[in-house]
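Asker: I'd like to ask you about the structure that follows.
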Amino acid sequence: MSNLKHWIWLTLRKGLAGQSAVRVLEHFGTPELVHAADEQAYRMVGGLTDAAIRSLMNKSLDRADVVLGDCERYGIQLLTLQDSAYPERLKAIAQPPMVLYWKGRQFAFDEEVAIAMVGARKATPYGVDTASRLAGELSRRGALIVSGMAEGIDATAVRGALKAGGPVVSVIAGGLDRIYPAFHRELYEDVAAGGAMFSEYPPGTEHRGSHFPIRNRILSGLSVDRKSTRLNSSHDQ
């Protein structure tokens, strides 16, 4: 449990995001060693701002304890960058999330034909109909639909895949305990029951506009683009 505390502590450091966080982890090897380091050691990493170093010098684990308690309360599990179950394809992106909060089923993403579907919130009727039919058809042919939960194309793709009987993975832009939009509570429950939900944000984090483009790199990283991949089809029989 202390290991998870240190992972959470590291991800909560202000001024330490993206490639800087990955660089710090690679330099020290483990979050525990990052936590134990002093200012001189941090300055040896190179490229860290004074604000990031000040944040790293705050060794309190109190906030991490709160996050772990919230995870237990809401049935949320954690997957770290160094866990064996962490998808290799997600590690390959420029800034892989160091911690993923998740609930639902486990998926072997590296073996899945996962296809991301996202789009406009204020979608046209044509767009909604097309997204629903496409998600359903892809799901029936064996693809795993990866999307968000926002109103519009995201939610439509999720519903289309669920209606076709396939599982769905949703990556959201806030804490898994925060339903966004609020009227999608039933959809959240359906995805968590038959698929999985992921977020790099700890419980309690509100959805913000700036989070959505950042989240999209995870959707892309979990998906696959292989010309040799074939989905099941009646033409293949």
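Chain labels run A, B, ... following the order of the structure tokens; each chain numbers its residues from 1, and ligands are numbered from 1 in the order shown.
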Among range 45-212 of chain A, which ones does DSSP assign to strand (DSSP E) (computed from the backbone)? Answer as a count of residues only.

Answerer: 25

Asker: If we count only C-alpha atoms, what is near Pro87 in chain A at a cut-off of 7 Å, once residues fewer than 2 positions away on the same chain are taken out, given as a VMD selection string?

Answerer: chain A and resid 85 89 to 91 109 to 110

Asker: Export all heavy atoms of the chosen residues as a short mmCIF file (atom, residue, chain, number, x, y, z; two decimals), in the first residue's frame?

Answerer:
```cif
data_model
loop_
_atom_site.label_atom_id
_atom_site.label_comp_id
_atom_site.auth_asym_id
_atom_site.auth_seq_id
_atom_site.Cartn_x
_atom_site.Cartn_y
_atom_site.Cartn_z
N ALA A 85 0.45 -5.40 -15.89
CA ALA A 85 -0.79 -5.31 -16.66
C ALA A 85 -0.93 -4.00 -17.43
O ALA A 85 -1.86 -3.83 -18.22
CB ALA A 85 -1.99 -5.47 -15.72
N ARG A 89 1.16 -0.76 -25.43
CA ARG A 89 0.87 0.23 -26.46
C ARG A 89 0.66 1.62 -25.85
O ARG A 89 0.94 2.63 -26.48
CB ARG A 89 -0.36 -0.18 -27.28
CG ARG A 89 -1.66 -0.26 -26.52
CD ARG A 89 -2.86 -0.55 -27.42
NE ARG A 89 -2.78 -1.85 -28.07
CZ ARG A 89 -3.83 -2.47 -28.62
NH1 ARG A 89 -5.02 -1.90 -28.58
NH2 ARG A 89 -3.70 -3.64 -29.19
N LEU A 90 0.19 1.66 -24.58
CA LEU A 90 0.03 2.94 -23.92
C LEU A 90 1.38 3.49 -23.45
O LEU A 90 1.61 4.70 -23.45
CB LEU A 90 -0.93 2.81 -22.74
CG LEU A 90 -1.36 4.11 -22.05
CD1 LEU A 90 -1.98 5.09 -23.04
CD2 LEU A 90 -2.34 3.82 -20.91
N LYS A 91 2.28 2.60 -23.08
CA LYS A 91 3.63 3.03 -22.70
C LYS A 91 4.35 3.70 -23.86
O LYS A 91 5.26 4.50 -23.67
CB LYS A 91 4.47 1.83 -22.23
CG LYS A 91 4.11 1.28 -20.87
CD LYS A 91 5.06 0.15 -20.51
CE LYS A 91 4.71 -0.46 -19.17
NZ LYS A 91 5.61 -1.59 -18.83
N PHE A 109 -5.33 -5.08 -23.35
CA PHE A 109 -5.41 -4.12 -24.45
C PHE A 109 -4.46 -4.44 -25.59
O PHE A 109 -4.77 -4.20 -26.77
CB PHE A 109 -5.15 -2.70 -23.93
CG PHE A 109 -6.31 -2.11 -23.20
CD1 PHE A 109 -6.32 -2.08 -21.81
CD2 PHE A 109 -7.40 -1.59 -23.87
CE1 PHE A 109 -7.39 -1.54 -21.12
CE2 PHE A 109 -8.47 -1.05 -23.20
CZ PHE A 109 -8.47 -1.02 -21.81
N ASP A 110 -3.29 -4.98 -25.28
CA ASP A 110 -2.32 -5.26 -26.33
C ASP A 110 -2.79 -6.36 -27.26
O ASP A 110 -2.21 -6.55 -28.34
CB ASP A 110 -0.97 -5.62 -25.71
CG ASP A 110 -0.36 -4.47 -24.94
OD1 ASP A 110 -0.50 -3.32 -25.39
OD2 ASP A 110 0.26 -4.71 -23.87
#
```

Asker: Hey, what's within 10 Å of Tyr201 in chain A if we count only C-alpha atoms and toss same-chain stuff fewer than 4 positions away? As a PyMOL selection string, please?

Answerer: chain A and resi 11-12+97+99-101+172-176+205-207+211+215

Asker: Could you write out that same residue set with N, CA, C and O atoms as a PDB file, in the first residue's frame?

Answerer:
```
ATOM      1  N   THR A  11       2.254  11.781  -8.684  1.00  0.00           N
ATOM      2  CA  THR A  11       1.355  12.342  -9.700  1.00  0.00           C
ATOM      3  C   THR A  11       0.688  13.636  -9.247  1.00  0.00           C
ATOM      4  O   THR A  11       0.177  14.391 -10.081  1.00  0.00           O
ATOM      5  N   LEU A  12       0.688  13.899  -7.952  1.00  0.00           N
ATOM      6  CA  LEU A  12       0.054  15.110  -7.423  1.00  0.00           C
ATOM      7  C   LEU A  12       1.025  16.285  -7.312  1.00  0.00           C
ATOM      8  O   LEU A  12       0.633  17.369  -6.875  1.00  0.00           O
ATOM      9  N   PRO A  97       0.389   8.088 -18.900  1.00  0.00           N
ATOM     10  CA  PRO A  97       0.004   8.397 -17.518  1.00  0.00           C
ATOM     11  C   PRO A  97       0.701   7.456 -16.546  1.00  0.00           C
ATOM     12  O   PRO A  97       0.752   6.248 -16.769  1.00  0.00           O
ATOM     13  N   VAL A  99      -0.203   6.858 -13.461  1.00  0.00           N
ATOM     14  CA  VAL A  99      -1.226   6.136 -12.703  1.00  0.00           C
ATOM     15  C   VAL A  99      -2.544   6.221 -13.449  1.00  0.00           C
ATOM     16  O   VAL A  99      -2.924   7.295 -13.927  1.00  0.00           O
ATOM     17  N   LEU A 100      -3.226   5.102 -13.560  1.00  0.00           N
ATOM     18  CA  LEU A 100      -4.579   5.071 -14.101  1.00  0.00           C
ATOM     19  C   LEU A 100      -5.520   4.564 -13.018  1.00  0.00           C
ATOM     20  O   LEU A 100      -5.276   3.532 -12.388  1.00  0.00           O
ATOM     21  N   TYR A 101      -6.582   5.323 -12.798  1.00  0.00           N
ATOM     22  CA  TYR A 101      -7.652   4.896 -11.900  1.00  0.00           C
ATOM     23  C   TYR A 101      -8.701   4.190 -12.764  1.00  0.00           C
ATOM     24  O   TYR A 101      -9.066   4.698 -13.829  1.00  0.00           O
ATOM     25  N   ILE A 172     -12.369   9.011 -19.101  1.00  0.00           N
ATOM     26  CA  ILE A 172     -13.034  10.268 -18.786  1.00  0.00           C
ATOM     27  C   ILE A 172     -12.035  11.320 -18.304  1.00  0.00           C
ATOM     28  O   ILE A 172     -10.894  11.013 -17.985  1.00  0.00           O
ATOM     29  N   ALA A 173     -12.512  12.551 -18.267  1.00  0.00           N
ATOM     30  CA  ALA A 173     -11.637  13.695 -18.009  1.00  0.00           C
ATOM     31  C   ALA A 173     -11.798  14.258 -16.605  1.00  0.00           C
ATOM     32  O   ALA A 173     -11.557  15.439 -16.359  1.00  0.00           O
ATOM     33  N   GLY A 174     -12.185  13.415 -15.669  1.00  0.00           N
ATOM     34  CA  GLY A 174     -12.321  13.808 -14.273  1.00  0.00           C
ATOM     35  C   GLY A 174     -12.244  12.566 -13.407  1.00  0.00           C
ATOM     36  O   GLY A 174     -11.949  11.469 -13.895  1.00  0.00           O
ATOM     37  N   GLY A 175     -12.521  12.717 -12.121  1.00  0.00           N
ATOM     38  CA  GLY A 175     -12.514  11.565 -11.235  1.00  0.00           C
ATOM     39  C   GLY A 175     -13.632  10.591 -11.579  1.00  0.00           C
ATOM     40  O   GLY A 175     -14.702  11.000 -12.048  1.00  0.00           O
ATOM     41  N   LEU A 176     -13.401   9.310 -11.342  1.00  0.00           N
ATOM     42  CA  LEU A 176     -14.404   8.298 -11.658  1.00  0.00           C
ATOM     43  C   LEU A 176     -15.646   8.403 -10.778  1.00  0.00           C
ATOM     44  O   LEU A 176     -16.665   7.780 -11.070  1.00  0.00           O
ATOM     45  N   THR A 205     -11.839  14.838  -8.637  1.00  0.00           N
ATOM     46  CA  THR A 205     -11.430  15.805  -9.657  1.00  0.00           C
ATOM     47  C   THR A 205     -12.599  16.115 -10.582  1.00  0.00           C
ATOM     48  O   THR A 205     -13.200  15.210 -11.168  1.00  0.00           O
ATOM     49  N   GLU A 206     -12.933  17.387 -10.700  1.00  0.00           N
ATOM     50  CA  GLU A 206     -14.016  17.790 -11.595  1.00  0.00           C
ATOM     51  C   GLU A 206     -13.551  17.731 -13.045  1.00  0.00           C
ATOM     52  O   GLU A 206     -12.369  17.894 -13.349  1.00  0.00           O
ATOM     53  N   HIS A 207     -14.507  17.507 -13.947  1.00  0.00           N
ATOM     54  CA  HIS A 207     -14.212  17.548 -15.373  1.00  0.00           C
ATOM     55  C   HIS A 207     -13.981  19.004 -15.784  1.00  0.00           C
ATOM     56  O   HIS A 207     -14.773  19.878 -15.452  1.00  0.00           O
ATOM     57  N   HIS A 211      -8.989  19.310 -19.633  1.00  0.00           N
ATOM     58  CA  HIS A 211      -8.663  17.907 -19.425  1.00  0.00           C
ATOM     59  C   HIS A 211      -8.958  17.044 -20.651  1.00  0.00           C
ATOM     60  O   HIS A 211      -8.328  15.996 -20.836  1.00  0.00           O
ATOM     61  N   ARG A 215      -6.789  14.054 -22.165  1.00  0.00           N
ATOM     62  CA  ARG A 215      -7.329  12.694 -22.075  1.00  0.00           C
ATOM     63  C   ARG A 215      -7.241  11.957 -23.407  1.00  0.00           C
ATOM     64  O   ARG A 215      -7.038  10.737 -23.460  1.00  0.00           O
TER      65      ARG A 215
END
```

Asker: Have a look at CA of Val113 in chain A and CA of His184 in chain A and let me know their distance in Å, one decimal.

Answerer: 26.3 Å
